[in-house]
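Undergrad: As input, take upload_2.pdb (PDB, C-alpha atoms):
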```
MODEL        1
ATOM      1  CA  MET A   1      -4.329  -6.268 -21.004  1.00  0.00           C
ATOM      2  CA  ILE A   2      -1.554  -3.701 -21.039  1.00  0.00           C
ATOM      3  CA  ILE A   3      -3.832  -1.195 -19.278  1.00  0.00           C
ATOM      4  CA  VAL A   4      -4.267  -3.648 -16.395  1.00  0.00           C
ATOM      5  CA  CYS A   5      -0.492  -4.036 -16.169  1.00  0.00           C
ATOM      6  CA  TYR A   6       0.000  -0.278 -16.012  1.00  0.00           C
ATOM      7  CA  ALA A   7      -2.770   0.078 -13.421  1.00  0.00           C
ATOM      8  CA  LEU A   8      -1.194  -2.584 -11.213  1.00  0.00           C
ATOM      9  CA  GLN A   9       2.220  -0.951 -11.513  1.00  0.00           C
ATOM     10  CA  LEU A  10       0.696   2.402 -10.590  1.00  0.00           C
ATOM     11  CA  PHE A  11      -0.971   0.759  -7.590  1.00  0.00           C
ATOM     12  CA  ILE A  12       2.443  -0.545  -6.495  1.00  0.00           C
ATOM     13  CA  VAL A  13       3.791   3.013  -6.623  1.00  0.00           C
ATOM     14  CA  ALA A  14       0.795   4.195  -4.563  1.00  0.00           C
ATOM     15  CA  ILE A  15       1.479   1.552  -1.901  1.00  0.00           C
ATOM     16  CA  PHE A  16       5.158   2.528  -1.692  1.00  0.00           C
ATOM     17  CA  ALA A  17       4.241   6.215  -1.476  1.00  0.00           C
ATOM     18  CA  ARG A  18       1.796   5.475   1.335  1.00  0.00           C
ATOM     19  CA  ILE A  19       4.437   3.471   3.191  1.00  0.00           C
ATOM     20  CA  LEU A  20       6.978   6.276   2.876  1.00  0.00           C
ATOM     21  CA  LEU A  21       4.537   8.975   3.950  1.00  0.00           C
ATOM     22  CA  SER A  22       3.459   6.925   6.965  1.00  0.00           C
ATOM     23  CA  TRP A  23       6.958   7.303   8.417  1.00  0.00           C
ATOM     24  CA  PHE A  24       6.600  11.081   8.763  1.00  0.00           C
ATOM     25  CA  PRO A  25       4.218  13.091  10.917  1.00  0.00           C
ATOM     26  CA  ILE A  26       1.805  15.002   8.674  1.00  0.00           C
ATOM     27  CA  SER A  27      -0.320  17.774  10.128  1.00  0.00           C
ATOM     28  CA  GLY A  28      -3.918  18.000   8.989  1.00  0.00           C
ATOM     29  CA  ASP A  29      -3.502  21.388   7.311  1.00  0.00           C
ATOM     30  CA  SER A  30      -0.371  20.631   5.282  1.00  0.00           C
ATOM     31  CA  PRO A  31      -0.492  19.983   1.515  1.00  0.00           C
ATOM     32  CA  MET A  32       0.870  16.488   2.100  1.00  0.00           C
ATOM     33  CA  ALA A  33      -2.210  15.638   4.165  1.00  0.00           C
ATOM     34  CA  GLY A  34      -4.273  15.722   0.970  1.00  0.00           C
ATOM     35  CA  VAL A  35      -1.795  13.476  -0.824  1.00  0.00           C
ATOM     36  CA  TYR A  36      -1.744  11.012   2.064  1.00  0.00           C
ATOM     37  CA  SER A  37      -5.553  11.080   2.260  1.00  0.00           C
ATOM     38  CA  PHE A  38      -5.786  10.283  -1.463  1.00  0.00           C
ATOM     39  CA  LEU A  39      -3.271   7.438  -1.171  1.00  0.00           C
ATOM     40  CA  PHE A  40      -5.138   6.085   1.842  1.00  0.00           C
ATOM     41  CA  ARG A  41      -8.476   6.094  -0.018  1.00  0.00           C
ATOM     42  CA  VAL A  42      -6.920   4.359  -3.035  1.00  0.00           C
ATOM     43  CA  THR A  43      -4.969   1.649  -1.211  1.00  0.00           C
ATOM     44  CA  GLU A  44      -7.085   0.930   1.880  1.00  0.00           C
ATOM     45  CA  PRO A  45      -9.773  -1.131   0.063  1.00  0.00           C
ATOM     46  CA  VAL A  46      -7.050  -3.691  -0.730  1.00  0.00           C
ATOM     47  CA  LEU A  47      -4.817  -3.328   2.330  1.00  0.00           C
ATOM     48  CA  GLY A  48      -7.648  -3.221   4.896  1.00  0.00           C
ATOM     49  CA  PRO A  49      -8.993  -6.768   4.407  1.00  0.00           C
ATOM     50  CA  VAL A  50      -5.465  -8.201   4.332  1.00  0.00           C
ATOM     51  CA  ARG A  51      -4.623  -6.270   7.532  1.00  0.00           C
ATOM     52  CA  ARG A  52      -7.695  -7.723   9.263  1.00  0.00           C
ATOM     53  CA  ALA A  53      -6.823 -11.264   8.124  1.00  0.00           C
ATOM     54  CA  VAL A  54      -3.122 -11.170   9.037  1.00  0.00           C
ATOM     55  CA  PRO A  55      -2.274  -9.954  12.539  1.00  0.00           C
ATOM     56  CA  GLN A  56       0.613  -7.573  13.175  1.00  0.00           C
ATOM     57  CA  ILE A  57       3.922  -8.969  14.336  1.00  0.00           C
ATOM     58  CA  ARG A  58       4.703  -7.554  17.772  1.00  0.00           C
ATOM     59  CA  MET A  59       8.224  -6.228  18.266  1.00  0.00           C
ATOM     60  CA  GLY A  60       8.407  -4.837  21.776  1.00  0.00           C
ATOM     61  CA  GLY A  61       5.959  -1.946  21.925  1.00  0.00           C
ATOM     62  CA  LEU A  62       5.670  -1.696  18.157  1.00  0.00           C
ATOM     63  CA  GLY A  63       3.659  -3.689  15.656  1.00  0.00           C
ATOM     64  CA  LEU A  64       4.868  -4.547  12.149  1.00  0.00           C
ATOM     65  CA  ASP A  65       2.056  -4.406   9.580  1.00  0.00           C
ATOM     66  CA  LEU A  66       2.651  -7.094   6.961  1.00  0.00           C
ATOM     67  CA  SER A  67      -0.327  -6.227   4.746  1.00  0.00           C
ATOM     68  CA  PRO A  68       1.623  -4.025   2.265  1.00  0.00           C
ATOM     69  CA  ILE A  69       4.250  -6.731   1.834  1.00  0.00           C
ATOM     70  CA  ILE A  70       1.625  -9.421   1.236  1.00  0.00           C
ATOM     71  CA  VAL A  71      -0.288  -7.256  -1.250  1.00  0.00           C
ATOM     72  CA  LEU A  72       2.912  -6.296  -3.101  1.00  0.00           C
ATOM     73  CA  ILE A  73       3.926  -9.951  -3.418  1.00  0.00           C
ATOM     74  CA  GLY A  74       0.434 -10.825  -4.655  1.00  0.00           C
ATOM     75  CA  ILE A  75       0.507  -8.054  -7.256  1.00  0.00           C
ATOM     76  CA  GLN A  76       3.952  -9.151  -8.470  1.00  0.00           C
ATOM     77  CA  ILE A  77       2.688 -12.725  -8.875  1.00  0.00           C
ATOM     78  CA  LEU A  78      -0.379 -11.443 -10.722  1.00  0.00           C
ATOM     79  CA  LEU A  79       1.807  -9.277 -12.977  1.00  0.00           C
ATOM     80  CA  GLY A  80       3.934 -12.351 -13.750  1.00  0.00           C
ATOM     81  CA  PHE A  81       0.872 -14.195 -15.005  1.00  0.00           C
ATOM     82  CA  ILE A  82      -0.840 -11.491 -17.031  1.00  0.00           C
ATOM     83  CA  CYS A  83       1.923  -9.210 -18.272  1.00  0.00           C
TER      84      CYS A  83
ENDMDL
END
```
Rewrite the coordinates I just gave you, this time as C-alpha coordinates.

TA:
Amino acid sequence: MIIVCYALQLFIVAIFARILLSWFPISGDSPMAGVYSFLFRVTEPVLGPVRRAVPQIRMGGLGLDLSPIIVLIGIQILLGFIC
(Lines of atoms letter the chains of each structure in order from A and count residues from 1; the text may use other names and numbers.)
(Lines give C-alpha, C1' and ligand atoms only; values in the text may rest on other atoms or scores of the structure.)
Protein backbone atom coordinates (compact mmCIF):
# COMPACT_ATOMS: atom_id res chain seq x y z
CA MET A 1 0.00 0.00 0.00
CA ILE A 2 2.91 2.32 0.67
CA ILE A 3 3.99 2.04 -2.98
CA VAL A 4 0.58 3.35 -4.07
CA CYS A 5 0.95 6.28 -1.67
CA TYR A 6 4.37 7.14 -3.08
CA ALA A 7 3.09 6.81 -6.65
CA LEU A 8 0.19 9.16 -5.95
CA GLN A 9 2.50 11.68 -4.30
CA LEU A 10 4.83 11.50 -7.30
CA PHE A 11 1.83 12.05 -9.59
CA ILE A 12 0.97 15.19 -7.59
CA VAL A 13 4.50 16.48 -8.18
CA ALA A 14 4.12 15.72 -11.91
CA ILE A 15 0.87 17.70 -12.07
CA PHE A 16 2.45 20.69 -10.31
CA ALA A 17 5.48 20.53 -12.61
CA ARG A 18 3.21 20.48 -15.65
CA ILE A 19 1.26 23.46 -14.33
CA LEU A 20 4.44 25.44 -13.73
CA LEU A 21 5.92 24.61 -17.12
CA SER A 22 2.69 25.57 -18.87
CA TRP A 23 3.21 29.18 -17.77
CA PHE A 24 6.39 29.53 -19.84
CA PRO A 25 6.85 29.38 -23.60
CA ILE A 26 8.91 26.30 -24.49
CA SER A 27 10.38 25.96 -27.96
CA GLY A 28 10.25 22.55 -29.58
CA ASP A 29 14.03 22.11 -29.69
CA SER A 30 14.81 23.04 -26.08
CA PRO A 31 15.66 20.41 -23.44
CA MET A 32 12.59 21.44 -21.46
CA ALA A 33 10.37 20.41 -24.37
CA GLY A 34 11.24 16.78 -23.64
CA VAL A 35 10.45 17.22 -19.95
CA TYR A 36 7.13 18.89 -20.73
CA SER A 37 6.30 16.18 -23.28
CA PHE A 38 6.98 13.48 -20.68
CA LEU A 39 4.85 15.25 -18.06
CA PHE A 40 2.07 15.70 -20.60
CA ARG A 41 2.08 11.98 -21.51
CA VAL A 42 2.03 10.98 -17.83
CA THR A 43 -0.69 13.35 -16.62
CA GLU A 44 -2.99 13.73 -19.64
CA PRO A 45 -4.71 10.31 -19.27
CA VAL A 46 -6.11 11.55 -15.94
CA LEU A 47 -6.49 15.27 -16.67
CA GLY A 48 -8.00 14.85 -20.16
CA PRO A 49 -11.28 13.16 -19.17
CA VAL A 50 -11.78 15.59 -16.28
CA ARG A 51 -11.10 18.52 -18.66
CA ARG A 52 -13.73 17.21 -21.09
CA ALA A 53 -16.28 16.75 -18.28
CA VAL A 54 -15.76 20.12 -16.58
CA PRO A 55 -15.84 23.18 -18.84
CA GLN A 56 -13.33 26.00 -18.45
CA ILE A 57 -14.32 29.09 -16.52
CA ARG A 58 -14.21 32.08 -18.86
CA MET A 59 -12.46 35.17 -17.53
CA GLY A 60 -12.53 37.76 -20.29
CA GLY A 61 -10.52 36.33 -23.17
CA LEU A 62 -8.90 33.67 -21.02
CA GLY A 63 -10.15 30.31 -19.81
CA LEU A 64 -9.31 28.82 -16.41
CA ASP A 65 -8.79 25.05 -16.58
CA LEU A 66 -10.06 23.49 -13.35
CA SER A 67 -9.06 19.91 -14.17
CA PRO A 68 -5.71 19.96 -12.28
CA ILE A 69 -7.41 21.36 -9.18
CA ILE A 70 -10.15 18.72 -9.29
CA VAL A 71 -7.66 15.89 -9.82
CA LEU A 72 -5.40 17.16 -7.02
CA ILE A 73 -8.34 17.33 -4.60
CA GLY A 74 -9.39 13.82 -5.63
CA ILE A 75 -5.88 12.45 -5.09
CA GLN A 76 -5.66 14.11 -1.66
CA ILE A 77 -8.98 12.53 -0.66
CA LEU A 78 -7.77 9.16 -1.95
CA LEU A 79 -4.49 9.54 -0.04
CA GLY A 80 -6.49 10.30 3.12
CA PHE A 81 -8.32 6.99 2.80
CA ILE A 82 -5.47 4.67 1.87
CA CYS A 83 -2.35 6.16 3.43

Undergrad: Apply the PyMOL selection byres ((chain A and resi 83) around 9) to the structure shown and report the selected residues as a PyMOL selection string.

TA: chain A and resi 1-2+4-5+78-82

Undergrad: Residues at most 7 Å from stretch 15-30 of chain A, counting all atoms listed in the file, excluding those fewer than 5 positions away in the same chain, as a list in words?

TA: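 Counting only the stated atoms, we get Tyr36, Leu39, Phe40, Thr43 and Pro68 of chain A.
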
Undergrad: Distance atom CA of A:Val50-atom CA of A:Ile70, one decimal place?

TA: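 Computing the Euclidean distance for atom CA of A:Val50 and atom CA of A:Ile70 yields 7.8 Å.
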
Undergrad: Return the single residue from A:Glu44, A:Leu8, A:Met32, A:Ile69 that is closest to A:Gln56, with distances computed using all atoms listed in the file.

TA: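 Using all atoms listed in the file, A:Gln56 sits closest to A:Ile69.
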
Undergrad: Separation of atom CA of A:Pro55 and atom CA of A:Ser67, in Å?

TA: 8.9 Å

Undergrad: Tell me, in Å to one decimal, how far atom CA of A:Ala7 is from atom CA of A:Val54.

TA: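 That distance, rounded to one decimal, is 25.1 Å.
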
Undergrad: Please return stretch 25-36 of chain A, rebuilt to all heavy atoms, as an mmCIF file, keeping the file's coordinate frame.

TA:
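So part-v7.cif came out as:
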```cif
data_model
loop_
_atom_site.group_PDB
_atom_site.id
_atom_site.type_symbol
_atom_site.label_atom_id
_atom_site.label_comp_id
_atom_site.auth_asym_id
_atom_site.auth_seq_id
_atom_site.Cartn_x
_atom_site.Cartn_y
_atom_site.Cartn_z
ATOM 1 N N PRO A 25 5.434 12.462 10.383
ATOM 2 C CA PRO A 25 4.218 13.091 10.917
ATOM 3 C C PRO A 25 3.699 14.138 9.930
ATOM 4 O O PRO A 25 4.454 14.966 9.434
ATOM 5 C CB PRO A 25 4.694 13.729 12.216
ATOM 6 C CG PRO A 25 6.162 13.912 12.055
ATOM 7 C CD PRO A 25 6.628 12.827 11.130
ATOM 8 N N ILE A 26 2.414 14.079 9.632
ATOM 9 C CA ILE A 26 1.805 15.002 8.674
ATOM 10 C C ILE A 26 0.664 15.710 9.397
ATOM 11 O O ILE A 26 -0.277 15.062 9.866
ATOM 12 C CB ILE A 26 1.282 14.258 7.435
ATOM 13 C CG1 ILE A 26 2.429 13.545 6.723
ATOM 14 C CG2 ILE A 26 0.575 15.209 6.492
ATOM 15 C CD1 ILE A 26 2.002 12.646 5.592
ATOM 16 N N SER A 27 0.758 17.022 9.481
ATOM 17 C CA SER A 27 -0.320 17.774 10.128
ATOM 18 C C SER A 27 -1.520 17.853 9.192
ATOM 19 O O SER A 27 -1.387 17.771 7.964
ATOM 20 C CB SER A 27 0.163 19.172 10.514
ATOM 21 O OG SER A 27 0.463 19.923 9.362
ATOM 22 N N GLY A 28 -2.680 18.024 9.767
ATOM 23 C CA GLY A 28 -3.918 18.000 8.989
ATOM 24 C C GLY A 28 -4.070 19.139 8.004
ATOM 25 O O GLY A 28 -4.816 19.035 7.042
ATOM 26 N N ASP A 29 -3.347 20.246 8.207
ATOM 27 C CA ASP A 29 -3.502 21.388 7.311
ATOM 28 C C ASP A 29 -2.373 21.525 6.294
ATOM 29 O O ASP A 29 -2.338 22.485 5.538
ATOM 30 C CB ASP A 29 -3.622 22.682 8.122
ATOM 31 C CG ASP A 29 -2.401 22.912 9.003
ATOM 32 O OD1 ASP A 29 -1.603 21.976 9.172
ATOM 33 O OD2 ASP A 29 -2.263 24.035 9.526
ATOM 34 N N SER A 30 -1.470 20.557 6.244
ATOM 35 C CA SER A 30 -0.371 20.631 5.282
ATOM 36 C C SER A 30 -0.821 20.101 3.917
ATOM 37 O O SER A 30 -1.776 19.323 3.826
ATOM 38 C CB SER A 30 0.836 19.825 5.774
ATOM 39 O OG SER A 30 0.577 18.443 5.666
ATOM 40 N N PRO A 31 -0.141 20.506 2.842
ATOM 41 C CA PRO A 31 -0.492 19.983 1.515
ATOM 42 C C PRO A 31 -0.301 18.467 1.403
ATOM 43 O O PRO A 31 -1.002 17.803 0.644
ATOM 44 C CB PRO A 31 0.460 20.718 0.572
ATOM 45 C CG PRO A 31 0.935 21.900 1.318
ATOM 46 C CD PRO A 31 0.869 21.544 2.767
ATOM 47 N N MET A 32 0.627 17.927 2.159
ATOM 48 C CA MET A 32 0.870 16.488 2.100
ATOM 49 C C MET A 32 -0.275 15.689 2.715
ATOM 50 O O MET A 32 -0.430 14.508 2.422
ATOM 51 C CB MET A 32 2.188 16.133 2.802
ATOM 52 C CG MET A 32 3.424 16.631 2.071
ATOM 53 S SD MET A 32 3.482 16.127 0.343
ATOM 54 C CE MET A 32 3.775 14.399 0.496
ATOM 55 N N ALA A 33 -1.070 16.333 3.563
ATOM 56 C CA ALA A 33 -2.210 15.638 4.165
ATOM 57 C C ALA A 33 -3.205 15.229 3.079
ATOM 58 O O ALA A 33 -3.782 14.135 3.143
ATOM 59 C CB ALA A 33 -2.879 16.525 5.206
ATOM 60 N N GLY A 34 -3.390 16.073 2.074
ATOM 61 C CA GLY A 34 -4.273 15.722 0.970
ATOM 62 C C GLY A 34 -3.739 14.564 0.146
ATOM 63 O O GLY A 34 -4.493 13.684 -0.267
ATOM 64 N N VAL A 35 -2.428 14.565 -0.068
ATOM 65 C CA VAL A 35 -1.795 13.476 -0.824
ATOM 66 C C VAL A 35 -1.935 12.168 -0.059
ATOM 67 O O VAL A 35 -2.320 11.138 -0.623
ATOM 68 C CB VAL A 35 -0.305 13.792 -1.100
ATOM 69 C CG1 VAL A 35 0.406 12.605 -1.713
ATOM 70 C CG2 VAL A 35 -0.173 15.024 -1.969
ATOM 71 N N TYR A 36 -1.644 12.222 1.258
ATOM 72 C CA TYR A 36 -1.744 11.012 2.064
ATOM 73 C C TYR A 36 -3.193 10.514 2.120
ATOM 74 O O TYR A 36 -3.449 9.309 2.043
ATOM 75 C CB TYR A 36 -1.195 11.230 3.467
ATOM 76 C CG TYR A 36 -1.173 9.964 4.269
ATOM 77 C CD1 TYR A 36 -0.208 8.990 4.044
ATOM 78 C CD2 TYR A 36 -2.142 9.698 5.235
ATOM 79 C CE1 TYR A 36 -0.194 7.815 4.749
ATOM 80 C CE2 TYR A 36 -2.139 8.522 5.946
ATOM 81 C CZ TYR A 36 -1.157 7.582 5.703
ATOM 82 O OH TYR A 36 -1.151 6.406 6.395
#
```
